[in-house]
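What's in upload20.json: JSON, C-alpha atoms and all ligand atoms
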```json
[["chain", "number", "residue", "atom", "x", "y", "z"],
["Z", 1, "GLN", "CA", 0.00, 0.00, 0.00],
["Z", 2, "PRO", "CA", 1.71, 3.27, -1.10],
["Z", 3, "SER", "CA", 2.58, 5.73, 1.63],
["Z", 4, "PRO", "CA", 0.46, 8.93, 1.52],
["Z", 5, "ASP", "CA", 3.25, 11.08, 0.02],
["Z", 6, "GLN", "CA", 3.47, 8.67, -2.90],
["Z", 7, "THR", "CA", -0.09, 9.25, -4.09],
["Z", 8, "ILE", "CA", -1.20, 12.46, -5.78],
["Z", 9, "GLY", "CA", -4.74, 12.91, -7.09],
["Z", 10, "MET", "CA", -6.39, 10.07, -9.00],
["Z", 11, "GLY", "CA", -4.15, 7.50, -7.27],
["Z", 12, "ILE", "CA", -1.22, 8.36, -9.58],
["Z", 13, "ARG", "CA", 1.79, 7.91, -7.35],
["Z", 14, "SER", "CA", 4.64, 10.40, -7.46],
["Z", 15, "TYR", "CA", 7.81, 9.29, -9.27],
["Z", 16, "ASP", "CA", 10.58, 9.05, -6.67],
["Z", 17, "PRO", "CA", 13.90, 9.62, -8.49],
["Z", 18, "GLU", "CA", 15.66, 8.22, -5.43],
["Z", 19, "ASP", "CA", 14.03, 4.85, -5.99],
["Z", 20, "PRO", "CA", 12.70, 4.82, -9.55],
["Z", 21, "TYR", "CA", 11.48, 1.21, -9.21],
["Z", 22, "CYS", "CA", 8.94, 1.90, -6.52],
["Z", 23, "PRO", "CA", 6.01, 1.73, -6.49],
["Z", 24, "TYR", "CA", 5.61, -1.52, -8.37],
["Z", 25, "PRO", "CA", 3.93, -2.11, -10.76],
["Z", 26, "PRO", "CA", 5.04, 1.16, -12.34],
["Z", 27, "SER", "CA", 2.38, 3.30, -14.02],
["Z", 28, "LEU", "CA", 2.56, 3.71, -17.79],
["Z", 29, "LEU", "CA", 4.05, 7.15, -17.19],
["Z", 30, "HIS", "CA", 6.84, 5.67, -15.06],
["Z", 31, "ILE", "CA", 7.57, 2.97, -17.65],
["Z", 32, "GLU", "CA", 7.86, 5.51, -20.45],
["Z", 33, "GLU", "CA", 10.13, 7.71, -18.31],
["Z", 34, "LEU", "CA", 12.37, 4.74, -17.44],
["Z", 35, "CYS", "CA", 12.59, 3.60, -21.07],
["Z", 36, "ASP", "CA", 13.46, 7.11, -22.26],
["Z", 37, "SER", "CA", 16.22, 7.56, -19.68],
["Z", 38, "ILE", "CA", 17.81, 4.17, -20.46],
["Z", 39, "VAL", "CA", 17.70, 4.82, -24.22],
["Z", 40, "ARG", "CA", 19.27, 8.24, -23.66],
["Z", 41, "SER", "CA", 22.00, 6.71, -21.46],
["Z", 42, "HIS", "CA", 22.77, 4.11, -24.14],
["Z", 43, "ARG", "CA", 22.94, 6.72, -26.88],
["Z", 44, "ASP", "CA", 25.18, 9.01, -24.82],
["Z", 45, "THR", "CA", 27.63, 6.19, -23.99],
["Z", 46, "SER", "CA", 27.62, 4.18, -27.23],
["Z", 47, "GLN", "CA", 31.27, 5.04, -28.11],
["Z", 48, "PHE", "CA", 30.39, 5.40, -31.82],
["Z", 49, "ARG", "CA", 27.14, 6.57, -33.44],
["Z", 50, "LEU", "CA", 25.50, 4.11, -35.80],
["Z", 51, "GLU", "CA", 25.79, 6.62, -38.66],
["Z", 52, "GLU", "CA", 29.56, 6.81, -38.14],
["Z", 53, "LEU", "CA", 29.89, 3.03, -38.21],
["Z", 54, "GLN", "CA", 27.64, 2.76, -41.28],
["Z", 55, "ALA", "CA", 29.80, 5.31, -43.10],
["Z", 56, "LEU", "CA", 32.94, 3.27, -42.37],
["Z", 57, "ARG", "CA", 31.42, -0.15, -43.14],
["Z", 58, "TRP", "CA", 33.29, -0.62, -46.38],
["Z", 59, "LYS", "CA", 36.58, 0.78, -45.14],
["Z", 60, "LEU", "CA", 38.50, -2.50, -45.09],
["Z", 61, "PHE", "CA", 42.12, -3.18, -44.21],
["Z", 62, "SER", "CA", 44.49, -3.69, -47.17],
["Z", 63, "ARG", "CA", 46.48, -6.91, -47.61],
["Z", 64, "GLU", "CA", 49.55, -5.08, -46.28],
["Z", 65, "GLU", "CA", 47.70, -3.83, -43.20],
["Z", 66, "ILE", "CA", 46.32, -7.31, -42.52],
["Z", 67, "HIS", "CA", 49.82, -8.72, -42.90],
["Z", 68, "ALA", "CA", 51.15, -6.13, -40.46],
["Z", 69, "TYR", "CA", 48.61, -7.21, -37.82],
["Z", 70, "GLN", "CA", 49.38, -10.88, -38.46],
["Z", 71, "SER", "CA", 53.10, -10.15, -37.99],
["Z", 72, "LYS", "CA", 52.56, -8.69, -34.53],
["Z", 73, "SER", "CA", 53.79, -10.84, -31.65],
["Z", 74, "VAL", "CA", 51.18, -12.64, -29.53],
["Z", 75, "ASP", "CA", 51.59, -10.35, -26.55],
["Z", 76, "GLU", "CA", 51.63, -7.23, -28.70],
["Z", 77, "MET", "CA", 48.30, -8.15, -30.33],
["Z", 78, "TRP", "CA", 46.84, -9.11, -26.95],
["Z", 79, "GLN", "CA", 47.82, -5.75, -25.50],
["Z", 80, "HIS", "CA", 46.24, -4.03, -28.48],
["Z", 81, "CYS", "CA", 42.96, -5.89, -28.05],
["Z", 82, "ALA", "CA", 43.02, -5.43, -24.28],
["Z", 83, "VAL", "CA", 43.25, -1.68, -24.79],
["Z", 84, "ARG", "CA", 40.26, -1.78, -27.14],
["Z", 85, "LEU", "CA", 38.35, -3.99, -24.72],
["Z", 86, "THR", "CA", 39.09, -1.70, -21.78],
["Z", 87, "GLU", "CA", 37.93, 1.28, -23.83],
["Z", 88, "ALA", "CA", 34.64, -0.47, -24.64],
["Z", 89, "VAL", "CA", 34.21, -1.52, -21.00],
["Z", 90, "GLN", "CA", 34.69, 2.05, -19.81],
["Z", 91, "TYR", "CA", 31.78, 3.21, -21.97],
["Z", 92, "VAL", "CA", 29.65, 0.40, -20.51],
["Z", 93, "VAL", "CA", 30.61, 1.53, -16.98],
["Z", 94, "GLU", "CA", 29.37, 5.02, -17.93],
["Z", 95, "PHE", "CA", 26.14, 3.50, -19.29],
["Z", 96, "ALA", "CA", 25.60, 1.55, -16.05],
["Z", 97, "LYS", "CA", 26.09, 4.63, -13.88],
["Z", 98, "ARG", "CA", 23.28, 6.34, -15.80],
["Z", 99, "ILE", "CA", 20.75, 3.53, -15.41],
["Z", 100, "PRO", "CA", 18.11, 4.92, -13.00],
["Z", 101, "GLY", "CA", 18.72, 3.43, -9.57],
["Z", 102, "PHE", "CA", 22.19, 1.99, -10.28],
["Z", 103, "ARG", "CA", 23.92, 4.69, -8.26],
["Z", 104, "GLY", "CA", 21.43, 3.94, -5.47],
["Z", 105, "LEU", "CA", 22.92, 0.46, -5.08],
["Z", 106, "GLY", "CA", 25.77, -0.12, -2.61],
["Z", 107, "GLN", "CA", 29.25, 0.50, -4.01],
["Z", 108, "ASN", "CA", 30.14, -3.20, -3.72],
["Z", 109, "ASP", "CA", 27.00, -4.27, -5.57],
["Z", 110, "GLN", "CA", 27.71, -1.74, -8.34],
["Z", 111, "ILE", "CA", 31.20, -3.25, -8.69],
["Z", 112, "THR", "CA", 29.87, -6.82, -8.58],
["Z", 113, "LEU", "CA", 27.35, -6.11, -11.35],
["Z", 114, "LEU", "CA", 30.01, -4.38, -13.47],
["Z", 115, "LYS", "CA", 32.72, -6.99, -12.83],
["Z", 116, "THR", "CA", 30.47, -9.71, -14.19],
["Z", 117, "GLY", "CA", 28.18, -7.86, -16.61],
["Z", 118, "SER", "CA", 30.22, -5.25, -18.45],
["Z", 119, "MET", "CA", 31.92, -7.74, -20.78],
["Z", 120, "GLU", "CA", 28.51, -9.15, -21.66],
["Z", 121, "VAL", "CA", 27.25, -5.69, -22.60],
["Z", 122, "VAL", "CA", 30.41, -5.05, -24.67],
["Z", 123, "LEU", "CA", 29.58, -8.18, -26.67],
["Z", 124, "VAL", "CA", 25.95, -7.04, -27.12],
["Z", 125, "ARG", "CA", 27.10, -3.61, -28.29],
["Z", 126, "MET", "CA", 29.59, -5.17, -30.69],
["Z", 127, "THR", "CA", 26.56, -6.00, -32.85],
["Z", 128, "ARG", "CA", 26.52, -2.32, -33.82],
["Z", 129, "CYS", "CA", 30.00, -2.49, -35.36],
["Z", 130, "PHE", "CA", 29.69, -5.82, -37.12],
["Z", 131, "ASN", "CA", 29.09, -6.16, -40.87],
["Z", 132, "THR", "CA", 27.35, -9.48, -41.52],
["Z", 133, "GLU", "CA", 27.79, -9.15, -45.31],
["Z", 134, "ASN", "CA", 31.53, -9.72, -45.13],
["Z", 135, "SER", "CA", 31.86, -10.89, -41.49],
["Z", 136, "THR", "CA", 34.02, -7.95, -40.48],
["Z", 137, "VAL", "CA", 34.17, -6.01, -37.23],
["Z", 138, "PHE", "CA", 35.21, -2.43, -36.54],
["Z", 139, "PHE", "CA", 38.74, -2.27, -35.10],
["Z", 140, "ASP", "CA", 41.31, 0.53, -35.20],
["Z", 141, "GLY", "CA", 39.17, 2.64, -37.51],
["Z", 142, "LYS", "CA", 38.45, 0.05, -40.22],
["Z", 143, "PHE", "CA", 36.61, -3.23, -40.60],
["Z", 144, "GLY", "CA", 38.53, -6.52, -40.37],
["Z", 145, "SER", "CA", 37.68, -10.22, -40.41],
["Z", 146, "THR", "CA", 38.92, -12.95, -38.04],
["Z", 147, "GLU", "CA", 42.14, -13.29, -40.08],
["Z", 148, "LEU", "CA", 43.22, -9.92, -38.69],
["Z", 149, "PHE", "CA", 43.43, -11.45, -35.20],
["Z", 150, "LYS", "CA", 45.42, -14.54, -36.14],
["Z", 151, "SER", "CA", 48.42, -13.63, -33.98],
["Z", 152, "LEU", "CA", 46.21, -13.62, -30.85],
["Z", 153, "GLY", "CA", 46.46, -17.38, -30.98],
["Z", 154, "CYS", "CA", 42.82, -17.93, -30.03],
["Z", 155, "GLY", "CA", 41.06, -18.76, -33.26],
["Z", 156, "ASP", "CA", 38.27, -20.65, -31.48],
["Z", 157, "LEU", "CA", 37.40, -17.59, -29.38],
["Z", 158, "MET", "CA", 37.41, -15.37, -32.48],
["Z", 159, "VAL", "CA", 35.06, -17.75, -34.29],
["Z", 160, "ALA", "CA", 32.77, -17.74, -31.24],
["Z", 161, "VAL", "CA", 32.84, -13.92, -31.04],
["Z", 162, "PHE", "CA", 32.03, -13.53, -34.73],
["Z", 163, "ASP", "CA", 29.33, -16.22, -34.66],
["Z", 164, "PHE", "CA", 27.73, -14.47, -31.71],
["Z", 165, "ALA", "CA", 27.88, -11.12, -33.53],
["Z", 166, "HIS", "CA", 26.15, -12.73, -36.53],
["Z", 167, "SER", "CA", 23.40, -14.17, -34.33],
["Z", 168, "MET", "CA", 22.84, -10.84, -32.58],
["Z", 169, "CYS", "CA", 22.69, -8.98, -35.91],
["Z", 170, "ALA", "CA", 20.04, -11.48, -37.06],
["Z", 171, "LEU", "CA", 17.71, -10.12, -34.34],
["Z", 172, "ARG", "CA", 17.99, -6.67, -35.94],
["Z", 173, "LEU", "CA", 17.58, -4.87, -32.62],
["Z", 174, "THR", "CA", 16.79, -1.18, -32.65],
["Z", 175, "GLU", "CA", 18.97, 1.08, -30.51],
["Z", 176, "GLN", "CA", 16.08, 1.35, -28.02],
["Z", 177, "GLN", "CA", 15.76, -2.44, -27.78],
["Z", 178, "MET", "CA", 19.56, -2.80, -27.42],
["Z", 179, "ALA", "CA", 19.56, -0.17, -24.66],
["Z", 180, "LEU", "CA", 16.88, -2.02, -22.67],
["Z", 181, "PHE", "CA", 18.47, -5.44, -23.26],
["Z", 182, "SER", "CA", 21.89, -4.10, -22.18],
["Z", 183, "SER", "CA", 20.40, -2.77, -18.92],
["Z", 184, "LEU", "CA", 18.78, -6.16, -18.27],
["Z", 185, "VAL", "CA", 22.10, -7.95, -18.89],
["Z", 186, "LEU", "CA", 23.78, -5.67, -16.33],
["Z", 187, "ILE", "CA", 21.06, -5.59, -13.63],
["Z", 188, "ASN", "CA", 21.17, -9.31, -12.87],
["Z", 189, "PRO", "CA", 20.05, -10.32, -9.34],
["Z", 190, "ASP", "CA", 21.60, -13.80, -9.76],
["Z", 191, "ARG", "CA", 25.18, -12.52, -9.73],
["Z", 192, "PRO", "CA", 27.24, -14.09, -6.91],
["Z", 193, "CYS", "CA", 27.92, -12.24, -3.63],
["Z", 194, "LEU", "CA", 25.42, -9.41, -4.07],
["Z", 195, "GLU", "CA", 24.74, -7.68, -0.73],
["Z", 196, "ASP", "CA", 21.28, -6.28, -1.46],
["Z", 197, "ARG", "CA", 19.89, -8.84, -3.90],
["Z", 198, "GLY", "CA", 16.34, -7.65, -3.24],
["Z", 199, "ARG", "CA", 17.05, -4.18, -4.49],
["Z", 200, "VAL", "CA", 18.72, -5.49, -7.67],
["Z", 201, "HIS", "CA", 15.72, -7.78, -8.13],
["Z", 202, "ARG", "CA", 13.28, -4.84, -7.88],
["Z", 203, "MET", "CA", 15.32, -2.90, -10.47],
["Z", 204, "ARG", "CA", 15.36, -5.95, -12.70],
["Z", 205, "ARG", "CA", 11.58, -6.36, -12.46],
["Z", 206, "GLY", "CA", 11.05, -2.72, -13.46],
["Z", 207, "LEU", "CA", 13.40, -3.12, -16.44],
["Z", 208, "GLU", "CA", 11.61, -6.30, -17.53],
["Z", 209, "VAL", "CA", 8.32, -4.38, -17.57],
["Z", 210, "CYS", "CA", 10.04, -1.72, -19.70],
["Z", 211, "LEU", "CA", 11.38, -4.22, -22.22],
["Z", 212, "SER", "CA", 8.06, -6.01, -22.64],
["Z", 213, "HIS", "CA", 6.30, -2.65, -22.90],
["Z", 214, "MET", "CA", 8.74, -1.61, -25.64],
["Z", 215, "LEU", "CA", 8.50, -4.91, -27.54],
["Z", 216, "HIS", "CA", 4.71, -4.70, -27.34],
["Z", 217, "ARG", "CA", 4.85, -1.16, -28.71],
["Z", 218, "ASP", "CA", 7.18, -2.35, -31.50],
["Z", 219, "ASN", "CA", 4.85, -5.30, -32.11],
["Z", 220, "GLN", "CA", 7.81, -7.66, -31.62],
["Z", 221, "GLU", "CA", 6.82, -9.70, -28.55],
["Z", 222, "SER", "CA", 8.48, -12.75, -30.20],
["Z", 223, "LEU", "CA", 11.84, -11.05, -29.61],
["Z", 224, "GLN", "CA", 11.44, -11.39, -25.82],
["Z", 225, "HIS", "CA", 12.35, -15.07, -25.48],
["Z", 226, "LYS", "CA", 15.01, -14.82, -28.21],
["Z", 227, "LEU", "CA", 16.73, -12.12, -26.15],
["Z", 228, "TYR", "CA", 16.53, -14.13, -22.93],
["Z", 229, "GLN", "CA", 18.03, -17.10, -24.81],
["Z", 230, "LYS", "CA", 21.00, -14.91, -25.80],
["Z", 231, "VAL", "CA", 21.97, -14.41, -22.17],
["Z", 232, "SER", "CA", 23.42, -17.92, -21.75],
["Z", 233, "VAL", "CA", 25.47, -17.60, -24.97],
["Z", 234, "LEU", "CA", 26.74, -14.25, -23.71],
["Z", 235, "GLN", "CA", 27.81, -15.80, -20.41],
["Z", 236, "SER", "CA", 29.70, -18.65, -22.09],
["Z", 237, "LEU", "CA", 31.44, -16.23, -24.47],
["Z", 238, "CYS", "CA", 32.56, -14.18, -21.47],
["Z", 239, "SER", "CA", 33.94, -17.17, -19.60],
["Z", 240, "LEU", "CA", 35.78, -18.14, -22.79],
["Z", 241, "HIS", "CA", 37.37, -14.66, -22.70],
["Z", 242, "VAL", "CA", 38.37, -15.08, -19.07],
["Z", 243, "GLU", "CA", 39.73, -18.58, -19.79],
["Z", 244, "LYS", "CA", 41.85, -17.24, -22.66],
["Z", 245, "LEU", "CA", 43.03, -14.40, -20.48],
["Z", 246, "HIS", "CA", 44.22, -16.93, -17.88],
["Z", 247, "TRP", "CA", 45.94, -18.95, -20.61],
["Z", 248, "PHE", "CA", 47.62, -15.78, -21.86],
["Z", 249, "SER", "CA", 48.64, -14.55, -18.39],
["Z", 250, "GLN", "CA", 50.30, -17.94, -17.69],
["Z", 251, "ARG", "CA", 52.43, -17.53, -20.80],
["Z", 252, "TYR", "CA", 53.00, -13.77, -20.61],
["Z", 253, "PRO", "CA", 52.76, -12.92, -16.91],
["Z", 254, "LEU", "CA", 54.78, -9.71, -17.21],
["Z", 255, "THR", "CA", 52.51, -8.29, -19.91],
["Z", 256, "VAL", "CA", 49.31, -8.81, -17.92],
["Z", 257, "HIS", "CA", 50.74, -7.49, -14.66],
["Z", 258, "SER", "CA", 52.63, -4.56, -16.06],
["Z", 259, "VAL", "CA", 51.04, -3.45, -19.32],
["Z", 260, "PHE", "CA", 47.38, -4.49, -19.33],
["Z", 261, "PRO", "CA", 45.05, -1.55, -18.81],
["Z", 262, "PRO", "CA", 44.23, -1.46, -15.08],
["Z", 263, "LEU", "CA", 40.46, -1.43, -15.47],
["Z", 264, "TYR", "CA", 40.57, -4.54, -17.65],
["Z", 265, "LYS", "CA", 42.84, -6.37, -15.18],
["Z", 266, "GLU", "CA", 40.39, -5.65, -12.34],
["Z", 267, "LEU", "CA", 37.33, -6.66, -14.31],
["Z", 268, "PHE", "CA", 38.61, -9.98, -15.54],
["Z", 269, "THR", "CA", 40.97, -11.20, -12.86],
["Z", 270, "SER", "CA", 40.01, -12.48, -9.45],
["Z", 271, "ASP", "CA", 41.82, -9.87, -7.35],
["Z", 272, "LEU", "CA", 39.57, -7.48, -5.41],
["Z", 273, "PRO", "CA", 38.23, -4.66, -7.56],
["Z", 274, "SER", "CA", 39.17, -1.13, -6.55],
["Z", 275, "MET", "CA", 37.54, 0.57, -9.56],
["Z", 276, "ASP", "CA", 37.27, 3.86, -7.68],
["Z", 277, "SER", "CA", 36.76, 5.31, -11.13],
["Z", 278, "LEU", "CA", 33.06, 4.44, -10.69],
["Q", 1, "LIG", "C1", 32.42, 0.31, -31.92],
["Q", 1, "LIG", "C2", 31.52, 0.11, -30.74],
["Q", 1, "LIG", "C3", 30.08, 0.09, -31.12],
["Q", 1, "LIG", "C4", 31.86, -1.16, -30.03],
["Q", 1, "LIG", "C5", 33.35, -1.30, -29.80],
["Q", 1, "LIG", "C6", 33.70, -2.74, -29.58],
["Q", 1, "LIG", "O1", 32.86, -3.60, -29.55],
["Q", 1, "LIG", "N1", 34.99, -2.98, -29.42],
["Q", 1, "LIG", "C7", 35.43, -4.34, -29.31],
["Q", 1, "LIG", "C8", 35.90, -4.56, -27.88],
["Q", 1, "LIG", "C9", 36.50, -5.96, -27.78],
["Q", 1, "LIG", "C10", 37.87, -6.11, -27.89],
["Q", 1, "LIG", "C11", 38.43, -7.39, -27.77],
["Q", 1, "LIG", "C12", 37.59, -8.49, -27.56],
["Q", 1, "LIG", "N2", 38.08, -9.79, -27.43],
["Q", 1, "LIG", "C13", 39.29, -10.23, -27.88],
["Q", 1, "LIG", "O2", 40.10, -9.52, -28.38],
["Q", 1, "LIG", "C14", 39.53, -11.72, -27.68],
["Q", 1, "LIG", "C15", 40.94, -12.01, -27.21],
["Q", 1, "LIG", "C16", 41.23, -11.31, -25.93],
["Q", 1, "LIG", "C17", 40.73, -11.78, -24.72],
["Q", 1, "LIG", "C18", 41.07, -11.11, -23.55],
["Q", 1, "LIG", "C19", 41.90, -10.00, -23.64],
["Q", 1, "LIG", "CL1", 42.44, -9.20, -22.20],
["Q", 1, "LIG", "C20", 42.36, -9.49, -24.85],
["Q", 1, "LIG", "C21", 42.02, -10.16, -26.01],
["Q", 1, "LIG", "C22", 36.21, -8.30, -27.46],
["Q", 1, "LIG", "C23", 35.66, -7.04, -27.58],
["Q", 1, "LIG", "C24", 36.58, -4.50, -30.28],
["Q", 1, "LIG", "O3", 37.49, -3.71, -30.27],
["Q", 1, "LIG", "N3", 36.53, -5.54, -31.13],
["Q", 1, "LIG", "C25", 35.45, -6.51, -31.30],
["Q", 1, "LIG", "C26", 35.98, -7.92, -31.06],
["Q", 1, "LIG", "C27", 37.23, -8.19, -31.88],
["Q", 1, "LIG", "C28", 37.80, -9.55, -31.51],
["Q", 1, "LIG", "C29", 38.29, -7.11, -31.63],
["Q", 1, "LIG", "C30", 37.70, -5.78, -32.00]]
```
Could you render the structure from this file as structure tokens?
Amino acid sequence: QPSPDQTIGMGIRSYDPEDPYCPYPPSLLHIEELCDSIVRSHRDTSQFRLEELQALRWKLFSREEIHAYQSKSVDEMWQHCAVRLTEAVQYVVEFAKRIPGFRGLGQNDQITLLKTGSMEVVLVRMTRCFNTENSTVFFDGKFGSTELFKSLGCGDLMVAVFDFAHSMCALRLTEQQMALFSSLVLINPDRPCLEDRGRVHRMRRGLEVCLSHMLHRDNQESLQHKLYQKVSVLQSLCSLHVEKLHWFSQRYPLTVHSVFPPLYKELFTSDLPSMDSL
């Protein structure tokens, strides 16, 4: 039963920016406001606008450029990709901070959600810079295929990343749908060692109402279960990344501990996260 200060006139409850997920169920007005703010956050932290990526779609690497990448040493190419990955993760951290209610969570829970979810959102967002017509991905200003990453020494992971990008592109998500899906991937109450699981669960419920409202509006309810099915593929692709990182750090310990971008090291290694950059 809403407290008196939460009801104004015809039973419409006031929107409390402190806790945007109460009261539940949200009124239509609240849902629309939540959707708009998440879409805005996604757009403002998307790293590249779709128009920019579209304009570059056919800017491919030359044979010489591809050869130059393939001639890089394993650890050099790994460093290069780790920098790109850290960059992408930092934009996702910015996106998370702008999800209504995220800053209201405890610091540790914010870090827990980011430590486990940001890589998943990077892989969702990658859809935007993938060209399914020639199976190329945006990297260093141009589009390259898996052959570009040969010197990484993890062909199986590359194939998995590209296959996933193909399957995500097949859903043809709009930016709004991607924004909502990304927030659902991040706000996951099942993550281990959350302190206030209930609060994350309430956020999650509100976001689920938003996504189904949006899919209903777009007349694409069938997308709902397809998106939820993607979550398990996302999680396995992330653990494959972490596995490869462990393999790499066994063989090149100095590189990981001295050169790897700090944020990336914290996100994907087991040592306690400081991430005061939150
Ligand atoms: C333009 C925006 C809309 C989106 C920008 C964007 O999505 N950037 C990604 C970020 C990225 C970078 C690297 C990976 N993975 C790997 O390199 C696998 C090996 C590996 C594992 C672990 C470590 Cl530490 C280092 C290398 C995943 C994602 C990007 O730069 N990409 C896409 C994926 C290919 C493989 C590289 C180029």
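Between CA of Ser151 (chain Z) and CA of Trp247 (chain Z) the interatomic distance comes to 14.6 Å.
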Expected answer as a VMD selection string: residues within 8 Å of ligand LIG 1 (chain Q), only C-alpha atoms and all ligand atoms: chain Z and resid 46 to 50 53 77 to 89 119 122 to 123 125 to 129 137 to 140 146 149 152 154 157 to 158 161 to 162 241 to 242 244 to 245 260 264 to 265 268
Shell of 10 Å around Tyr228 (chain Z), all atoms listed in the file, local chain residues under 3 positions omitted, as a PDB file with C-alpha atoms, in the frame of the given file:
```pdb
ATOM      1  CA  PHE Z 181      18.470  -5.440 -23.260  1.00  0.00           C
ATOM      2  CA  LEU Z 184      18.780  -6.160 -18.270  1.00  0.00           C
ATOM      3  CA  VAL Z 185      22.100  -7.950 -18.890  1.00  0.00           C
ATOM      4  CA  LEU Z 223      11.840 -11.050 -29.610  1.00  0.00           C
ATOM      5  CA  GLN Z 224      11.440 -11.390 -25.820  1.00  0.00           C
ATOM      6  CA  HIS Z 225      12.350 -15.070 -25.480  1.00  0.00           C
ATOM      7  CA  VAL Z 231      21.970 -14.410 -22.170  1.00  0.00           C
ATOM      8  CA  SER Z 232      23.420 -17.920 -21.750  1.00  0.00           C
ATOM      9  CA  VAL Z 233      25.470 -17.600 -24.970  1.00  0.00           C
TER      10      VAL Z 233
END
```
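Using all atoms listed in the file, the nearest neighbour of Gly101 (chain Z) within the list Z:Glu175, Z:Ser37, Z:Glu243, Z:Glu221 is Z:Ser37.
Counting all atoms listed in the file, the residue from Z:Gln229, Z:Glu65, Z:Met203, Z:Asp196 that sits nearest to Gly106 (chain Z) is Z:Asp196.
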